[in-house]
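One file, data00.cif, carrying mmCIF, C-alpha atoms:
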```
data_structure
loop_
_atom_site.label_atom_id
_atom_site.label_comp_id
_atom_site.auth_asym_id
_atom_site.auth_seq_id
_atom_site.Cartn_x
_atom_site.Cartn_y
_atom_site.Cartn_z
CA MET V 455 34.11 -42.45 32.85
CA GLU V 456 34.18 -39.02 34.50
CA ILE V 457 32.36 -36.10 32.81
CA ASP V 458 34.26 -32.92 32.24
CA PRO V 459 33.22 -30.29 34.88
CA GLU V 460 32.76 -27.64 32.18
CA ILE V 461 30.39 -29.85 30.25
CA ARG V 462 28.56 -30.73 33.47
CA ARG V 463 28.08 -27.08 34.36
CA TYR V 464 26.99 -26.34 30.81
CA VAL V 465 24.38 -29.12 30.84
CA ILE V 466 23.13 -28.25 34.33
CA GLU V 467 22.78 -24.57 33.43
CA LEU V 468 20.99 -25.47 30.19
CA VAL V 469 18.57 -27.76 32.03
CA ILE V 470 17.86 -25.07 34.65
CA ARG V 471 17.28 -22.38 32.04
CA LEU V 472 15.08 -24.70 29.97
CA GLY V 473 13.14 -25.58 33.10
CA ILE V 474 12.57 -21.89 33.91
CA PHE V 475 11.51 -21.24 30.31
CA ILE V 476 9.06 -24.18 30.37
CA ALA V 477 7.67 -22.97 33.69
CA ALA V 478 7.25 -19.49 32.19
CA VAL V 479 5.34 -20.99 29.27
CA ALA V 480 3.10 -22.83 31.75
CA VAL V 481 2.26 -19.74 33.79
CA SER V 482 2.04 -17.35 30.80
CA PRO V 483 -1.79 -17.63 30.51
CA PHE V 484 -2.07 -16.45 34.12
CA VAL V 485 0.31 -13.57 33.35
CA GLY V 486 -1.96 -12.54 30.46
CA GLU V 487 -4.99 -12.52 32.74
CA GLY V 488 -3.01 -10.60 35.32
CA LEU V 489 -2.20 -7.97 32.70
CA ILE V 490 -5.92 -7.45 32.07
CA ARG V 491 -6.61 -7.05 35.79
CA ALA V 492 -3.68 -4.65 36.17
CA ILE V 493 -4.92 -2.48 33.30
CA ARG V 494 -8.42 -2.41 34.76
CA ARG V 495 -7.19 -1.42 38.22
CA ALA V 496 -4.93 1.26 36.76
CA LEU V 497 -7.82 2.78 34.79
CA LEU V 498 -10.08 2.74 37.86
CA LEU V 499 -7.33 4.41 39.90
CA LEU V 500 -6.90 7.11 37.28
CA ALA V 501 -10.66 7.67 37.12
CA ARG V 502 -10.70 8.07 40.90
CA TYR V 503 -8.34 11.01 40.56
CA SER V 504 -10.44 12.47 37.69
CA ILE V 505 -7.93 11.33 35.08
CA GLY V 506 -9.79 9.58 32.31
CA ASP V 507 -13.26 8.03 32.34
CA ARG V 508 -14.67 5.17 34.39
CA HIS V 509 -16.07 3.67 31.20
CA THR V 510 -12.70 3.59 29.41
CA TYR V 511 -12.18 -0.10 30.25
CA ARG V 512 -15.62 -1.07 28.97
CA ARG V 513 -15.25 0.88 25.72
CA PHE V 514 -11.62 0.33 24.79
CA ILE V 515 -10.23 -2.67 26.72
CA ARG V 516 -13.06 -5.18 27.17
CA PRO V 517 -13.64 -5.69 23.39
CA PHE V 518 -9.97 -6.74 23.09
CA ARG V 519 -9.68 -8.62 26.37
CA ASP V 520 -8.70 -11.99 24.87
CA THR V 521 -6.22 -10.48 22.42
CA ILE V 522 -4.56 -8.36 25.12
CA SER V 523 -4.32 -11.41 27.39
CA LEU V 524 -2.72 -13.36 24.55
CA PHE V 525 -0.30 -10.51 23.92
CA GLY V 526 0.70 -10.45 27.61
CA ALA V 527 1.29 -14.21 27.57
CA PHE V 528 3.50 -14.16 24.46
CA LEU V 529 5.38 -11.10 25.72
CA PHE V 530 6.15 -12.94 28.98
CA ILE V 531 7.33 -15.97 27.03
CA ALA V 532 9.54 -13.77 24.85
CA LEU V 533 11.11 -12.22 27.95
CA ALA V 534 11.71 -15.69 29.41
CA LEU V 535 13.31 -16.77 26.13
CA THR V 536 16.15 -14.31 26.76
CA LEU V 537 17.47 -16.87 29.29
CA LEU V 538 18.47 -19.01 26.29
CA VAL V 539 20.26 -16.30 24.30
CA LYS V 540 23.67 -17.86 24.91
CA TYR V 541 22.43 -21.08 23.29
CA GLU V 542 22.10 -19.75 19.77
CA ASP V 543 20.68 -22.84 18.07
CA ILE V 544 18.00 -23.39 20.70
CA TYR V 545 17.23 -19.67 20.89
CA SER V 546 16.85 -19.35 17.10
CA PHE V 547 14.66 -22.44 16.89
CA LEU V 548 12.33 -21.45 19.73
CA GLY V 549 12.55 -17.74 18.90
CA PHE V 550 11.12 -18.28 15.43
CA PHE V 551 7.86 -19.59 16.89
CA VAL V 552 7.74 -17.26 19.91
CA TYR V 553 8.42 -14.03 18.03
CA SER V 554 6.23 -15.08 15.12
CA ALA V 555 3.34 -15.51 17.54
CA LEU V 556 4.20 -12.24 19.32
CA ALA V 557 4.43 -10.26 16.05
CA ILE V 558 1.14 -11.70 14.76
CA THR V 559 -0.58 -10.93 18.07
CA VAL V 560 0.75 -7.36 18.13
CA GLY V 561 -0.32 -6.80 14.53
CA TRP V 562 -3.78 -8.27 15.15
CA LEU V 563 -4.30 -6.25 18.34
CA ALA V 564 -3.06 -3.00 16.80
CA SER V 565 -5.19 -3.44 13.67
CA ARG V 566 -8.35 -4.12 15.69
CA MET V 567 -7.74 -1.08 17.89
CA ALA V 568 -6.95 1.09 14.87
CA ARG V 569 -10.15 -0.05 13.14
CA GLN V 570 -12.25 0.81 16.20
CA ILE V 571 -10.58 4.22 16.62
CA ILE V 572 -11.06 5.01 12.93
CA HIS V 573 -14.70 3.95 12.92
CA ARG V 574 -15.53 5.73 16.20
CA SER V 575 -13.40 8.87 16.01
CA VAL V 576 -11.77 9.50 12.64
CA ILE V 577 -14.95 9.03 10.61
CA GLY V 578 -16.74 11.47 12.93
CA LEU V 579 -13.98 14.04 12.47
CA VAL V 580 -14.01 13.65 8.69
CA ARG V 581 -17.80 14.05 8.62
CA ARG V 582 -17.53 17.13 10.86
CA TRP V 583 -14.76 18.75 8.79
CA PHE V 584 -15.77 17.82 5.24
CA GLY V 585 -19.49 17.10 5.59
CA GLU V 586 -19.22 13.58 4.20
CA VAL V 587 -17.15 10.44 4.58
CA SER V 588 -15.18 9.68 1.44
CA GLU V 589 -12.25 7.60 0.26
CA VAL V 590 -9.82 9.65 2.35
CA VAL V 591 -10.73 7.45 5.32
CA LEU V 592 -9.86 4.36 3.30
CA ILE V 593 -6.48 5.83 2.38
CA PHE V 594 -5.77 6.74 6.00
CA GLU V 595 -6.82 3.29 7.21
CA THR V 596 -4.60 1.58 4.63
CA LEU V 597 -1.57 3.64 5.66
CA ILE V 598 -2.18 2.75 9.31
CA TYR V 599 -2.27 -0.96 8.47
CA VAL V 600 0.97 -0.68 6.51
CA VAL V 601 2.68 0.94 9.51
CA ILE V 602 1.33 -1.82 11.79
CA ILE V 603 2.69 -4.53 9.49
CA LEU V 604 6.12 -2.87 9.39
CA PHE V 605 6.11 -2.60 13.19
CA ALA V 606 5.28 -6.32 13.53
CA VAL V 607 8.11 -7.19 11.12
CA VAL V 608 10.52 -5.09 13.20
CA ILE V 609 9.46 -6.94 16.37
CA PHE V 610 10.05 -10.31 14.71
CA ALA V 611 13.42 -9.26 13.28
CA ALA V 612 14.60 -7.68 16.54
CA GLY V 613 13.61 -10.79 18.51
CA LEU V 614 15.69 -13.00 16.25
CA ARG V 615 18.55 -10.45 16.34
CA VAL V 616 18.42 -9.85 12.60
CA ASN V 617 20.60 -6.98 11.37
CA LEU V 618 17.93 -4.33 10.82
CA VAL V 619 20.35 -2.00 9.05
CA ALA V 620 21.15 -4.61 6.40
CA LEU V 621 17.48 -5.56 6.22
CA GLY V 622 16.52 -1.92 5.78
CA ALA V 623 19.08 -1.48 3.01
CA GLY V 624 17.74 -4.53 1.21
CA LEU V 625 14.17 -3.34 1.62
CA GLY V 626 15.24 0.10 0.41
CA ILE V 627 16.65 -1.31 -2.81
CA SER V 628 13.59 -3.49 -3.33
CA GLY V 629 11.31 -0.59 -2.47
CA ALA V 630 13.07 1.64 -4.98
CA ALA V 631 12.61 -0.98 -7.67
CA VAL V 632 8.93 -1.38 -6.81
CA ALA V 633 8.46 2.39 -6.70
CA PHE V 634 10.08 2.77 -10.12
CA ALA V 635 7.85 0.06 -11.55
CA ALA V 636 4.73 1.55 -9.97
CA GLN V 637 5.63 5.19 -10.56
CA GLN V 638 2.37 6.07 -12.27
CA THR V 639 0.26 4.39 -9.60
CA LEU V 640 2.15 6.17 -6.82
CA SER V 641 1.80 9.46 -8.66
CA ARG V 642 -1.98 9.05 -8.72
CA LEU V 643 -2.02 8.07 -5.04
CA PHE V 644 -0.06 11.15 -3.97
CA GLY V 645 -2.20 13.29 -6.25
CA THR V 646 -5.28 11.98 -4.45
CA LEU V 647 -3.73 12.73 -1.06
CA GLU V 648 -2.87 16.26 -2.19
CA LEU V 649 -6.43 16.90 -3.37
CA TYR V 650 -7.94 15.62 -0.14
CA LEU V 651 -5.56 17.66 2.01
CA ASP V 652 -5.83 20.92 0.02
CA ARG V 653 -9.53 20.55 -0.92
CA PRO V 654 -9.47 22.83 -4.01
CA TYR V 655 -12.93 21.45 -4.86
CA VAL V 656 -15.51 19.02 -3.53
CA SER V 657 -18.35 17.11 -5.10
CA GLY V 658 -21.13 19.38 -6.36
CA GLU V 659 -18.96 22.44 -7.04
CA HIS V 660 -18.38 24.00 -10.48
CA ILE V 661 -14.79 24.39 -11.60
CA ARG V 662 -12.89 25.68 -14.62
CA VAL V 663 -9.57 24.11 -15.61
CA ASN V 664 -7.38 24.08 -18.69
CA PHE V 665 -5.81 20.80 -19.81
CA ASN V 666 -4.52 22.12 -23.14
CA PRO V 667 -2.68 25.47 -23.25
CA TYR V 668 -3.74 25.82 -26.90
CA GLY V 669 -7.37 24.87 -26.28
CA GLU V 670 -10.34 26.25 -24.43
CA ASP V 671 -10.96 25.94 -20.72
CA VAL V 672 -13.11 23.10 -19.44
CA TYR V 673 -16.21 24.06 -17.43
CA GLY V 674 -18.03 21.47 -15.43
CA ARG V 675 -19.55 20.23 -12.23
CA VAL V 676 -17.54 17.88 -10.01
CA GLU V 677 -19.57 14.69 -9.74
CA ALA V 678 -17.19 12.67 -7.57
CA VAL V 679 -13.61 12.61 -6.30
CA GLY V 680 -12.40 9.02 -6.22
CA LEU V 681 -9.20 7.25 -5.23
CA ARG V 682 -7.81 7.37 -8.75
CA SER V 683 -9.64 10.09 -10.64
CA THR V 684 -12.03 13.04 -10.57
CA LYS V 685 -15.29 12.89 -12.52
CA ILE V 686 -16.40 16.18 -14.11
CA ARG V 687 -19.74 16.61 -15.90
CA LEU V 688 -19.17 19.13 -18.69
CA ILE V 689 -21.61 22.01 -18.91
CA ALA V 690 -23.73 22.28 -22.10
CA GLN V 691 -22.49 18.86 -23.21
CA ASN V 692 -23.73 16.67 -20.37
CA THR V 693 -20.81 14.32 -20.90
CA MET V 694 -18.55 12.94 -18.19
CA MET V 695 -14.82 13.69 -18.19
CA ILE V 696 -12.67 11.41 -16.02
CA VAL V 697 -9.32 12.99 -15.10
CA PRO V 698 -6.56 11.32 -13.03
CA ASN V 699 -6.06 13.02 -9.67
CA SER V 700 -2.35 13.40 -10.38
CA THR V 701 -3.28 15.55 -13.39
CA MET V 702 -5.80 17.61 -11.42
CA ALA V 703 -3.25 18.23 -8.66
CA SER V 704 -0.82 19.73 -11.17
CA LYS V 705 -3.32 22.13 -12.81
CA ASN V 706 -4.47 25.64 -11.95
CA ILE V 707 -8.09 25.16 -10.91
CA GLU V 708 -10.62 27.97 -10.76
CA ASN V 709 -13.42 27.11 -8.35
CA VAL V 710 -16.40 29.03 -9.73
CA SER V 711 -18.78 27.94 -6.98
CA ARG V 712 -16.62 29.47 -4.28
CA GLY V 713 -16.75 32.80 -6.06
CA LYS V 714 -20.35 33.16 -4.89
CA LYS V 715 -21.04 35.88 -2.34
CA THR V 716 -23.75 36.50 0.22
CA MET V 717 -24.67 40.12 0.90
CA ALA V 718 -25.50 41.05 4.51
CA MET V 719 -27.52 44.22 5.12
CA LEU V 720 -27.51 45.79 8.58
CA CYS V 721 -29.45 48.90 9.69
CA LEU V 722 -28.43 51.12 12.63
CA ALA V 723 -31.06 53.63 13.83
CA PHE V 724 -29.49 56.46 15.88
CA THR V 725 -31.52 58.35 18.44
CA ARG V 726 -30.67 61.77 16.95
CA LEU V 727 -29.42 63.43 13.81
CA LEU V 728 -25.69 62.92 13.38
CA GLU V 729 -23.35 65.67 12.35
CA THR V 730 -21.02 65.21 9.36
CA ASP V 731 -18.00 64.50 11.56
CA GLU V 732 -20.04 62.01 13.61
CA GLN V 733 -21.10 60.19 10.44
CA ALA V 734 -17.45 60.00 9.43
CA LEU V 735 -16.63 58.61 12.88
CA VAL V 736 -19.34 55.93 12.54
CA THR V 737 -17.99 54.93 9.12
CA GLN V 738 -14.44 54.75 10.49
CA VAL V 739 -15.47 52.60 13.48
CA ILE V 740 -17.42 50.16 11.30
CA GLU V 741 -14.56 49.79 8.82
CA ARG V 742 -11.96 49.41 11.59
CA GLU V 743 -13.87 46.79 13.59
CA SER V 744 -14.70 44.74 10.52
CA GLN V 745 -11.00 44.42 9.66
CA ILE V 746 -10.35 41.96 12.50
CA PHE V 747 -12.93 39.43 11.28
CA TRP V 748 -12.07 37.08 8.44
CA GLY V 749 -14.49 35.95 5.75
CA PHE V 750 -15.73 39.40 4.72
CA ASP V 751 -14.85 41.24 1.53
CA LYS V 752 -13.60 44.51 3.04
CA ALA V 753 -13.23 46.19 -0.35
CA SER V 754 -16.95 45.71 -1.05
CA ALA V 755 -18.20 46.97 2.31
CA ARG V 756 -20.45 50.02 2.00
CA VAL V 757 -21.79 52.43 4.66
CA GLN V 758 -24.69 54.77 3.84
CA HIS V 759 -26.13 57.48 6.11
CA VAL V 760 -29.73 58.55 5.50
CA GLU V 761 -31.77 61.18 7.39
CA GLU V 762 -35.24 59.93 8.33
CA GLN V 763 -37.71 61.81 10.57
CA GLY V 764 -35.05 63.91 12.24
CA ASN V 765 -32.83 60.91 13.00
CA THR V 766 -29.95 59.27 11.17
CA ARG V 767 -30.16 55.74 9.86
CA THR V 768 -26.97 54.01 8.81
CA ARG V 769 -27.15 51.08 6.44
CA VAL V 770 -24.14 48.77 6.29
CA PHE V 771 -23.58 46.33 3.42
CA PHE V 772 -21.12 43.45 3.86
CA PHE V 773 -20.25 40.73 1.38
CA ILE V 774 -19.48 37.33 2.88
CA THR V 775 -17.09 35.46 0.62
CA ASN V 776 -17.26 31.72 -0.07
CA PRO V 777 -20.43 31.08 1.94
CA SER V 778 -20.43 27.29 1.98
CA LYS V 779 -22.96 25.42 4.10
CA ASN V 780 -20.38 24.69 6.77
CA SER V 781 -18.97 28.20 7.02
CA LEU V 782 -21.98 30.49 6.49
CA GLU V 783 -23.31 30.03 10.02
CA LEU V 784 -19.84 30.74 11.40
CA ARG V 785 -19.56 33.89 9.28
CA LYS V 786 -22.96 35.05 10.55
CA ARG V 787 -21.78 34.55 14.10
CA LEU V 788 -18.63 36.55 13.36
CA LEU V 789 -20.79 39.33 11.91
CA GLU V 790 -22.78 39.39 15.15
CA LEU V 791 -19.51 39.76 17.08
CA ALA V 792 -18.50 42.59 14.75
CA ASN V 793 -21.84 44.32 15.44
CA GLN V 794 -21.22 44.02 19.18
CA ALA V 795 -17.75 45.48 18.80
CA VAL V 796 -19.16 48.41 16.78
CA ALA V 797 -21.83 49.06 19.43
CA GLN V 798 -19.28 49.12 22.24
CA ARG V 799 -17.02 51.49 20.33
CA LEU V 800 -19.82 53.90 19.41
CA ASN V 801 -21.18 53.89 22.95
CA GLN V 802 -17.79 55.11 24.13
CA HIS V 803 -18.30 58.18 21.90
CA GLY V 804 -21.84 58.77 23.20
CA LEU V 805 -23.53 57.56 20.00
CA ASP V 806 -26.52 55.40 20.92
CA PHE V 807 -28.45 53.42 18.36
CA THR V 808 -30.89 50.55 17.98
CA VAL V 809 -31.20 47.80 15.39
CA PRO V 810 -34.85 48.01 14.24
CA GLU V 811 -34.54 45.17 11.75
CA PRO V 812 -32.62 41.88 11.85
CA THR V 813 -29.65 41.42 9.57
CA VAL V 814 -30.79 40.46 6.08
CA TYR V 815 -28.77 37.96 4.01
CA VAL V 816 -29.17 37.90 0.22
CA ASP V 817 -27.40 35.40 -2.02
CA SER V 818 -25.85 36.93 -5.10
CA PRO V 819 -26.20 34.82 -8.27
CA MET V 820 -23.24 32.86 -9.59
CA SER V 821 -22.54 33.23 -13.28
CA LEU V 822 -20.78 30.52 -15.29
#
```
Re-express the file's structure as structure tokens.
Amino acid sequence: MEIDPEIRRYVIELVIRLGIFIAAVAVSPFVGEGLIRAIRRALLLLARYSIGDRHTYRRFIRPFRDTISLFGAFLFIALALTLLVKYEDIYSFLGFFVYSALAITVGWLASRMARQIIHRSVIGLVRRWFGEVSEVVLIFETLIYVVIILFAVVIFAAGLRVNLVALGAGLGISGAAVAFAAQQTLSRLFGTLELYLDRPYVSGEHIRVNFNPYGEDVYGRVEAVGLRSTKIRLIAQNTMMIVPNSTMASKNIENVSRGKKTMAMLCLAFTRLLETDEQALVTQVIERESQIFWGFDKASARVQHVEEQGNTRTRVFFFITNPSKNSLELRKRLLELANQAVAQRLNQHGLDFTVPEPTVYVDSPMSL
């Protein structure tokens, strides 16, 4: 019995393609190892041309060597699987296992890299910006993992040629139902994100807020800002009020602690007695130069001229607003720059002076 030539060609082509796919599966571990070597050589080449660091491979690639090799192997197998696209049943059967393994490997690799980046870089940035590491890092890390999971699902669906538009519409309807059911939880989550991004208060600061338009304001010290709520210790009652972050985000909050000021006193000793018009010029220069520096209460700045032993001494009083621990040193540095700018401007007018005393900083009391 003679076999139909079409069937013969079909079978021969299928056997050849299956043979190539099986050979690709056999050599895939070597492809994964080759990917590691290629990445290492590329990083060394970039470091040779002063692009990147010679230790990049040791810090960022070597800890994930096995996972990256596994990713390269599965990616090579997935590419070889495209030879069987025309055979839908075989492709769907093998594709389920290949793209499942590829999606899991991608998700695992991305999550490990994200965890290392967060622990090495993001936590350092949060500590540098906010002074402490809080739940905002946990929120950020959770969002990153959600994005990684969605990306892995997209890889799996695209590999099996699933209609992503229809899948997205179905997920959209399901997501809307879940969002409606978890509306209160989502509201608190977004309230927490808003508080961490805007930073209207931090732990240890005193705030005043009104929760009842017909009642009195609430005074208290912020004990902690959590994922769900803010804990406020009420003044004169020593009780703890726990308020959802979604409620705090919707209220007008008066931060009493940030109303504190630090007064800076600066003395300029001129080498001669200044005339009235020269004193006015000095006052004008000081006020003009201080306008370009932020963090000073310009309305409260005062300039006093006093005659002492035939010379003129000018005392300048600045008020530094919101002198938190992180910003006070920066404000002091800006004040030094303002002093330099004043000196350069006055020297242009032939007015020489010395600073006999260092700048004095006095904290003004905060009243509750």
Residues near Tyr511 (chain V), cut-off 9 Å, only C-alpha atoms, skip fewer than 6 positions along chain, as a list of chain:residue names: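 Residues near the query, excluding close chain neighbours: V:Ile493, V:Arg494, V:Leu497, V:Leu498, V:Pro517.
With distances taken over all atoms listed in the file, V:Thr725 is the one residue among V:Thr725, V:Gln798, V:Thr693, V:Asn664 lying closest to Glu762 (chain V).
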The PyMOL selection byres ((chain V and resi 534-540) around 12) applied to the shown file, residues as a ChimeraX atom specification: /V:464,467-482,527-533,541-553,613-615
Padding 8 Å on each side, edges along x, y and z: where is the centre of the box around the listed atoms of region 480-496 of chain V, and how long are its edges in Å to one decimal? Output it as AutoDock Vina command-line options.
```
--center_x -2.7 --center_y -10.8 --center_z 34.3 --size_x 27.5 --size_y 40.1 --size_z 23.8
```
Surrounding residues of region 677-679 of chain V excluding itself and chain neighbours under 3 positions, 8 Å, all atoms listed in the file, as a PyMOL selection string: chain V and resi 656-658+683-687
Nearest residue to Leu722 (chain V) from the set V:Glu659, V:Leu681, V:Pro810, V:Arg756 (distances using all atoms listed in the file): V:Pro810
Answer key for the PyMOL selection byres ((chain V and resi 760) around 12), residues as a PyMOL selection string: chain V and resi 721-724+726-730+733+757-759+761-770
Residues within 8 Å of region 600-608 of chain V, all atoms listed in the file, excluding chain neighbours under 4 positions, as a VMD selection string: chain V and resid 557 to 558 560 to 561 564 to 565 596 612 618
Selection under test: the PyMOL selection byres ((chain V and resi 491) around 12); residues as an MDAnalysis selection string: chainID V and resid 484:490 492:498 511 515:516 519 522:523 526
Gap from CA of Ser700 (chain V) to CA of Tyr655 (chain V) - Å, one decimal: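 Going from CA of Ser700 (chain V) over to CA of Tyr655 (chain V), I get 14.4 Å.
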